[in-house]
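What follows is upload30.txt (compact mmCIF, C-alpha atoms and all ligand atoms).
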# COMPACT_ATOMS: atom_id res chain seq x y z
CA MET A 171 -131.29 41.22 -60.45
CA ASN A 172 -133.17 41.71 -63.66
CA LEU A 173 -136.07 44.17 -63.23
CA ALA A 174 -138.53 42.00 -65.14
CA ASN A 175 -137.68 39.06 -62.85
CA THR A 176 -138.22 41.24 -59.83
CA LEU A 177 -141.62 42.20 -61.18
CA MET A 178 -142.53 38.60 -61.78
CA LEU A 179 -141.54 37.64 -58.25
CA ALA A 180 -143.42 40.57 -56.80
CA SER A 181 -146.58 39.67 -58.66
CA CYS A 182 -146.67 35.93 -57.98
CA ALA A 183 -149.07 35.00 -55.21
CA PRO A 184 -147.61 31.74 -53.75
CA SER A 185 -151.04 30.25 -53.03
CA SER A 186 -152.04 30.49 -56.69
CA LEU A 187 -148.91 28.80 -58.06
CA ASN A 188 -150.28 25.27 -57.90
CA ARG A 189 -153.44 26.05 -59.79
CA VAL A 190 -152.11 27.70 -62.91
CA ASP A 191 -151.81 26.14 -66.29
CA MET A 192 -148.04 26.28 -66.73
CA SER A 193 -148.07 26.63 -70.53
CA ALA A 194 -150.39 29.64 -70.32
CA SER A 195 -148.24 30.99 -67.53
CA GLN A 196 -145.06 30.61 -69.60
CA ASP A 197 -146.72 32.41 -72.48
CA LEU A 198 -147.65 35.30 -70.18
CA THR A 199 -144.17 35.30 -68.69
CA GLN A 200 -142.72 35.61 -72.18
CA LYS A 201 -145.05 38.50 -72.98
CA THR A 202 -144.19 40.24 -69.72
CA MET A 203 -140.48 39.87 -70.33
CA GLU A 204 -140.90 41.32 -73.82
CA ALA A 205 -142.96 44.21 -72.48
CA PHE A 206 -140.31 45.19 -69.96
CA SER A 207 -137.27 44.31 -72.04
CA ARG A 208 -136.84 47.91 -73.14
CA LEU A 209 -136.31 49.14 -69.58
CA PRO A 210 -132.66 49.89 -68.99
CA GLU A 211 -130.98 47.61 -66.49
CA THR A 212 -128.84 49.15 -63.81
CA ASP A 213 -127.46 47.89 -60.55
CA THR A 214 -129.90 48.83 -57.85
CA PRO A 215 -128.43 49.31 -54.41
CA THR A 216 -130.22 47.75 -51.48
CA PHE A 217 -132.28 50.37 -49.76
CA SER A 218 -131.53 50.25 -46.08
CA SER A 219 -133.21 53.24 -44.49
CA ARG A 220 -135.13 56.42 -45.06
CA LEU A 221 -133.33 59.67 -45.49
CA ASN A 222 -133.44 62.04 -42.57
CA PRO A 223 -137.22 62.73 -42.53
CA GLU A 224 -136.73 66.48 -42.05
CA TYR A 225 -134.49 66.72 -45.07
CA GLN A 226 -136.87 64.66 -47.16
CA ARG A 227 -139.98 66.63 -46.12
CA LYS A 228 -138.44 69.98 -46.90
CA HIS A 229 -137.63 68.93 -50.45
CA ILE A 230 -140.97 67.26 -50.99
CA ALA A 231 -142.70 70.43 -49.74
CA LEU A 232 -140.73 72.70 -52.07
CA SER A 233 -141.59 70.57 -55.09
CA LEU A 234 -145.36 70.67 -54.52
CA THR A 235 -146.24 73.28 -57.12
CA PRO A 236 -149.34 73.50 -59.35
CA GLY A 237 -147.15 73.07 -62.44
CA ASN A 238 -145.46 69.93 -61.12
CA VAL A 239 -148.81 68.39 -60.24
CA LEU A 240 -150.26 69.10 -63.67
CA LEU A 241 -147.17 67.72 -65.40
CA ALA A 242 -147.32 64.50 -63.37
CA LEU A 243 -151.00 64.08 -64.27
CA HIS A 244 -150.26 64.53 -67.98
CA ARG A 245 -147.42 61.98 -67.83
CA ALA A 246 -149.63 59.48 -66.00
CA ARG A 247 -152.35 59.83 -68.64
CA GLU A 248 -149.85 59.47 -71.48
CA ALA A 249 -148.52 56.28 -69.84
CA ARG A 250 -152.09 54.96 -69.50
CA GLU A 251 -152.32 54.85 -73.30
CA VAL A 252 -150.03 51.79 -73.32
CA ALA A 253 -151.49 50.03 -70.27
CA VAL A 254 -152.47 46.39 -70.82
CA SER A 255 -155.66 45.02 -69.31
CA HIS A 256 -157.69 42.00 -70.40
CA ARG A 257 -160.84 43.81 -69.18
CA ASN A 258 -159.86 47.21 -70.58
CA PHE A 259 -159.34 48.69 -67.12
CA ARG A 260 -156.33 50.81 -67.83
CA VAL A 261 -154.31 52.75 -65.24
CA GLY A 262 -151.38 55.10 -65.70
CA ALA A 263 -149.17 56.41 -62.91
CA ALA A 264 -146.39 58.97 -62.76
CA ILE A 265 -144.10 59.60 -59.83
CA THR A 266 -142.21 62.85 -59.46
CA ALA A 267 -139.11 61.69 -57.62
CA LEU A 268 -136.29 63.77 -56.19
CA SER A 269 -132.63 62.96 -55.93
CA VAL A 270 -130.40 63.79 -52.98
CA GLY A 271 -129.19 66.88 -54.80
CA GLY A 272 -132.38 68.82 -54.12
CA PRO A 273 -135.70 69.77 -55.67
CA ALA A 274 -134.18 71.08 -58.89
CA MET A 275 -133.06 67.53 -59.66
CA PHE A 276 -136.09 65.42 -60.23
CA LYS A 277 -137.34 62.83 -62.65
CA ILE A 278 -140.80 61.67 -63.53
CA LEU A 279 -141.11 57.90 -63.71
CA THR A 280 -144.18 56.35 -65.24
CA GLY A 281 -145.94 53.05 -64.72
CA ILE A 282 -148.86 51.17 -66.21
CA ASN A 283 -151.02 48.32 -65.08
CA TYR A 284 -150.17 45.12 -66.90
CA LYS A 285 -152.70 42.32 -66.62
CA PRO A 286 -153.04 40.57 -69.98
CA GLY A 287 -155.27 37.73 -68.74
CA GLU A 288 -157.38 36.42 -65.89
CA SER A 289 -154.35 34.79 -64.24
CA ARG A 290 -153.27 36.45 -61.03
CA ASP A 291 -149.69 35.43 -61.75
CA VAL A 292 -149.14 38.38 -64.03
CA ASN A 293 -150.60 41.48 -62.46
CA VAL A 294 -148.42 44.56 -62.31
CA HIS A 295 -149.84 47.70 -60.72
CA ALA A 296 -149.00 51.06 -62.27
CA GLU A 297 -147.91 52.73 -59.03
CA GLN A 298 -145.63 49.84 -58.05
CA LEU A 299 -143.97 49.77 -61.47
CA ALA A 300 -143.29 53.53 -61.28
CA LEU A 301 -141.87 53.12 -57.76
CA LEU A 302 -139.61 50.29 -58.91
CA LYS A 303 -138.32 52.51 -61.70
CA ALA A 304 -137.68 55.40 -59.28
CA THR A 305 -135.76 53.04 -56.99
CA ASP A 306 -133.84 51.63 -59.94
CA ARG A 307 -132.76 55.17 -60.94
CA HIS A 308 -131.38 55.77 -57.41
CA LEU A 309 -133.89 58.52 -56.60
CA THR A 310 -134.49 59.14 -52.94
CA ALA A 311 -137.92 60.69 -52.35
CA ALA A 312 -141.27 60.51 -54.12
CA SER A 313 -142.93 63.91 -53.92
CA ILE A 314 -145.97 63.39 -56.18
CA VAL A 315 -147.70 60.14 -57.11
CA ALA A 316 -150.25 60.78 -59.88
CA VAL A 317 -152.76 58.09 -60.83
CA VAL A 318 -155.11 58.33 -63.82
CA GLY A 319 -157.89 55.90 -64.62
CA GLU A 320 -161.63 55.40 -64.54
CA THR A 321 -162.90 54.92 -61.02
CA GLN A 322 -164.38 51.74 -59.56
CA LEU A 323 -165.27 50.36 -56.12
CA ASP A 324 -162.17 50.00 -53.97
CA GLN A 325 -161.50 46.26 -53.92
CA GLN A 326 -160.12 46.22 -50.39
CA SER A 327 -162.40 48.66 -48.54
CA GLY A 328 -165.48 48.47 -50.78
CA HIS A 329 -165.77 52.28 -50.72
CA THR A 330 -166.98 54.22 -53.73
CA MET A 331 -164.52 56.79 -55.00
CA HIS A 332 -164.80 59.91 -57.16
CA THR A 333 -161.41 59.10 -58.70
CA LEU A 334 -159.30 55.94 -58.82
CA HIS A 335 -157.21 55.86 -55.64
CA PRO A 336 -154.16 53.59 -55.40
CA CYS A 337 -155.55 50.17 -54.43
CA GLY A 338 -155.13 48.63 -50.97
CA LEU A 339 -152.05 46.67 -52.06
CA CYS A 340 -150.39 49.77 -53.52
CA ARG A 341 -151.32 51.77 -50.41
CA ASP A 342 -149.54 49.15 -48.28
CA VAL A 343 -146.51 49.09 -50.56
CA MET A 344 -146.25 52.88 -50.52
CA LYS A 345 -146.80 53.18 -46.77
CA ASN A 346 -143.72 51.03 -46.19
CA HIS A 347 -141.60 52.23 -49.10
CA PRO A 348 -138.39 54.17 -48.40
CA LEU A 349 -139.17 56.73 -51.11
CA VAL A 350 -142.66 57.55 -49.83
CA ASP A 351 -143.39 59.72 -46.81
CA PRO A 352 -146.92 58.72 -45.71
CA ASP A 353 -147.60 62.26 -44.39
CA ALA A 354 -145.83 64.29 -47.07
CA THR A 355 -145.86 62.53 -50.45
CA LEU A 356 -148.82 63.95 -52.39
CA ILE A 357 -151.17 61.40 -53.91
CA VAL A 358 -153.09 62.90 -56.84
CA SER A 359 -155.77 60.83 -58.55
CA ALA A 360 -157.73 62.03 -61.56
CA LEU A 361 -160.30 60.86 -64.03
CA PRO A 362 -158.84 60.71 -67.56
CA THR A 363 -160.54 64.04 -68.43
CA PHE A 364 -158.91 65.69 -65.35
CA ARG A 365 -162.35 67.21 -64.63
CA THR A 366 -162.33 65.53 -61.19
CA ILE A 367 -159.07 65.47 -59.25
CA GLU A 368 -158.46 64.34 -55.66
CA MET A 369 -155.46 65.03 -53.44
CA SER A 370 -154.35 63.39 -50.22
CA THR A 371 -151.47 61.58 -48.56
CA ILE A 372 -151.10 57.86 -47.96
CA ASN A 373 -152.14 58.29 -44.32
CA GLU A 374 -155.20 60.27 -45.39
CA LEU A 375 -156.14 57.58 -47.92
CA ASP A 376 -155.76 55.03 -45.14
CA ALA A 377 -158.09 57.05 -42.90
CA PHE A 378 -160.64 57.25 -45.72
CA HIS A 379 -160.54 53.54 -46.54
CA ASN A 380 -159.85 51.91 -43.18
CA ASP A 381 -160.88 54.19 -40.34
CA GLU A 382 -164.65 53.97 -40.00
CA GLN A 383 -164.53 56.26 -36.95
CA SER A 384 -162.87 59.09 -38.82
CA GLN A 385 -165.25 62.07 -38.92
CA ALA A 386 -163.00 64.32 -40.95
CA GLU A 387 -163.09 64.20 -44.76
CA PRO A 388 -159.42 63.39 -45.38
CA ILE A 389 -159.44 63.71 -49.17
CA THR A 390 -159.70 67.04 -51.00
CA ARG A 391 -161.64 66.99 -54.25
CA PHE A 392 -161.54 69.51 -57.11
CA GLU A 393 -164.12 69.72 -59.89
CA PHE A 394 -163.18 71.64 -63.03
CA PRO A 395 -164.86 72.71 -66.26
CA PRO A 396 -163.21 71.52 -69.49
CA LEU A 397 -159.90 73.39 -69.78
CA LYS A 398 -157.26 73.67 -72.50
CA LEU A 399 -154.72 72.99 -69.72
CA PHE A 400 -156.14 69.48 -69.48
CA GLU A 401 -155.91 68.61 -73.16
CA PRO A 402 -153.17 66.13 -74.09
CA PHE A 403 -149.90 67.68 -75.31
CA VAL A 404 -150.10 66.37 -78.85
CA PRO A 405 -148.07 68.07 -81.59
CA GLU A 406 -149.84 69.01 -84.83
CA PRO A 407 -149.22 66.55 -87.69
CA GLY A 408 -145.71 67.12 -89.03
CA GLN A 409 -144.59 68.97 -85.88
CA THR A 410 -142.40 67.57 -83.13
CA SER A 411 -143.39 69.97 -80.37
CA VAL A 412 -146.47 71.74 -79.09
CA GLU A 413 -146.64 75.48 -79.61
CA ILE A 414 -146.96 77.30 -76.30
CA THR A 415 -149.48 80.14 -76.38
CA ASP A 416 -150.09 82.91 -73.88
CA THR A 417 -153.56 84.23 -74.62
CA GLU A 418 -155.99 85.81 -72.15
CA GLU A 419 -157.87 82.48 -72.12
CA ASP A 420 -154.65 80.64 -71.18
CA ARG A 421 -154.05 83.08 -68.35
CA GLN A 422 -157.59 82.73 -67.05
CA GLU A 423 -157.17 78.95 -66.95
CA GLU A 424 -153.85 79.26 -65.13
CA ARG A 425 -155.44 81.60 -62.59
CA LEU A 426 -158.26 79.09 -62.04
CA TRP A 427 -155.74 76.24 -61.57
CA ASP A 428 -153.57 78.32 -59.25
CA SER A 429 -156.44 79.68 -57.18
CA SER A 430 -157.75 76.18 -56.44
CA VAL A 431 -154.91 73.63 -56.59
CA GLY A 432 -152.23 76.26 -55.89
CA VAL A 433 -153.89 77.45 -52.69
CA TYR A 434 -154.26 73.86 -51.45
CA LEU A 435 -150.60 73.10 -52.23
CA MET A 436 -149.43 76.30 -50.55
CA LYS A 437 -151.20 75.21 -47.36
CA ARG A 438 -149.56 71.76 -47.57
CA ARG A 439 -146.14 73.29 -48.16
CA LEU A 440 -146.47 75.58 -45.14
CA GLU A 441 -147.65 72.71 -42.92
CA LEU A 442 -144.71 70.54 -43.98
CA LEU A 443 -142.15 73.31 -43.60
CA ASP A 444 -143.59 74.26 -40.19
CA GLN A 445 -143.12 70.70 -38.96
CA ARG A 446 -139.38 70.94 -39.35
ZN ZN B 1 -152.57 48.87 -57.04

What is this file in C-alpha cells?
Amino acid sequence: MNLANTLMLASCAPSSLNRVDMSASQDLTQKTMEAFSRLPETDTPTFSSRLNPEYQRKHIALSLTPGNVLLALHRAREAREVAVSHRNFRVGAAITALSVGGPAMFKILTGINYKPGESRDVNVHAEQLALLKATDRHLTAASIVAVVGETQLDQQSGHTMHTLHPCGLCRDVMKNHPLVDPDATLIVSALPTFRTIEMSTINELDAFHNDEQSQAEPITRFEFPPLKLFEPFVPEPGQTSVEITDTEEDRQEERLWDSSVGVYLMKRRLELLDQR
C-alpha cells in the first residue's frame, strides 16, 4: 500500500466525511500526495507481535545516552522547519529506532505535523508520521521519541504543560504500537530553544494526563541556560559541514548536559537493565 494513502486513511475521521466540501478536500488530498511523494516506497511487512520484551528493553536501555537524546532533539527541530500548519502551530518529531541487529544499528526518522487547512480530513501528526516511517524501514524498536514545538494546553486532558507532549491521540497510538515500549521508550519533549526539556515514558505521560489520583510527579523537567550545544547545526555560508570545536567552554557545556540529562538516563538504563 502506498504510504501517502495509508496516511490519508489514518487521518480521515469517518464522522466528518459527509460534511466536507469535496473539491476542497480533493485539493488538499493532491497537496498531501505531493508533500509525501518524495518518501521512498517499500513493501512493509505486517507487524504481528512485539519482539521479546526483554530483548527490546535491553537495547533500548543501551541506546539511552545524552548524545543520542541531543541528536534526536536537533533532528526533530530541523524537521519542524518544514512542518505545515494553517495556524502556524508547527511540530517536529524524531524517532531513534533500532533494528534487530542491536543498538549500533539505528536510524533517526523524522516527522512533521501537516495540517494545511481547517479541515480535519488532512491532519497528520508528527509523531505518527515518524512512527510510520520507522515501521516502513523495518525497524523494530523505538528507543527515543523527541518532540519539538511551542507548548499549548493538552487538547485531551486540558492540562497545562511546560513543553509540548505528544497529544492524546499520539499517546494512544504509541501505547499500542509494536515499536514502542510504554515503560522503556523515552519520550523527550522540548521547547524550540531547548531551554526547557521534559523526559518521561508513555505510561508516565498517561499518569500525568489521565490519573488524577497520582501523587507522584511522573515527568522530569530540565531547565537550561542558553548553550552552544543547543544552537542549530548550520554550516557557515559556502561550507557543507559544521566545524567541531573542543574548547573549555564546549567541555563545560558537555559536563552540564551530562551531569543533568546523563545522570537521569543512567538511572533509567540501570532500572531497565535490572528488570531483565
Ligand atoms: Zn499528536

Between atom CA of A:Asp420 and atom CA of A:Lys398 lies a distance of 7.6 Å

Selected residue of minimal separation from A:Gln226 among A:Asn238, A:Ser327, A:Thr310, A:Thr280, counting all atoms listed in the file:
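Result for the nearest residue to A:Gln226: A:Thr310.
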
When the cut-off is 12 Å and you count all atoms listed in the file, which residues lie near ligand ZN 1 (chain B), shown as a ChimeraX atom specification?
/A:181,260-263,281-285,293-301,317-319,324-326,334-344

For A:Ala360, the closest of A:Ala316, A:Leu442, A:Ala264, A:Leu323 counting all atoms listed in the file is A:Ala316

Would you compute the distance between atom CA of A:Ile357 and atom CA of A:Gly328? Give it in Å to one decimal.
19.5 Å

Within 7 Å of stretch 424-440 of chain A, counting all atoms listed in the file, which residues show up once you throw out same-chain ones fewer than 3 positions away? Write them as an MDAnalysis selection string, please.
chainID A and resid 231:232 234:236 420:421 443:444

Could you tell me how far atom CA of A:Glu320 lies from atom CA of A:Ser359, in Å and to one decimal?
10.0 Å

Env of A:Lys277: 10 Å cut, atoms = only C-alpha atoms, seq-sep filter 3 positions within chain, self excluded. Answer as a ChimeraX atom specification.
/A:264-269,273-274,280,304,307,309,312

Counting only C-alpha atoms, the option among A:Glu406, A:Glu224, A:Glu401, A:Glu423 closest to A:Leu241:
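Ranked by minimum distance to A:Leu241, first place goes to A:Glu401.
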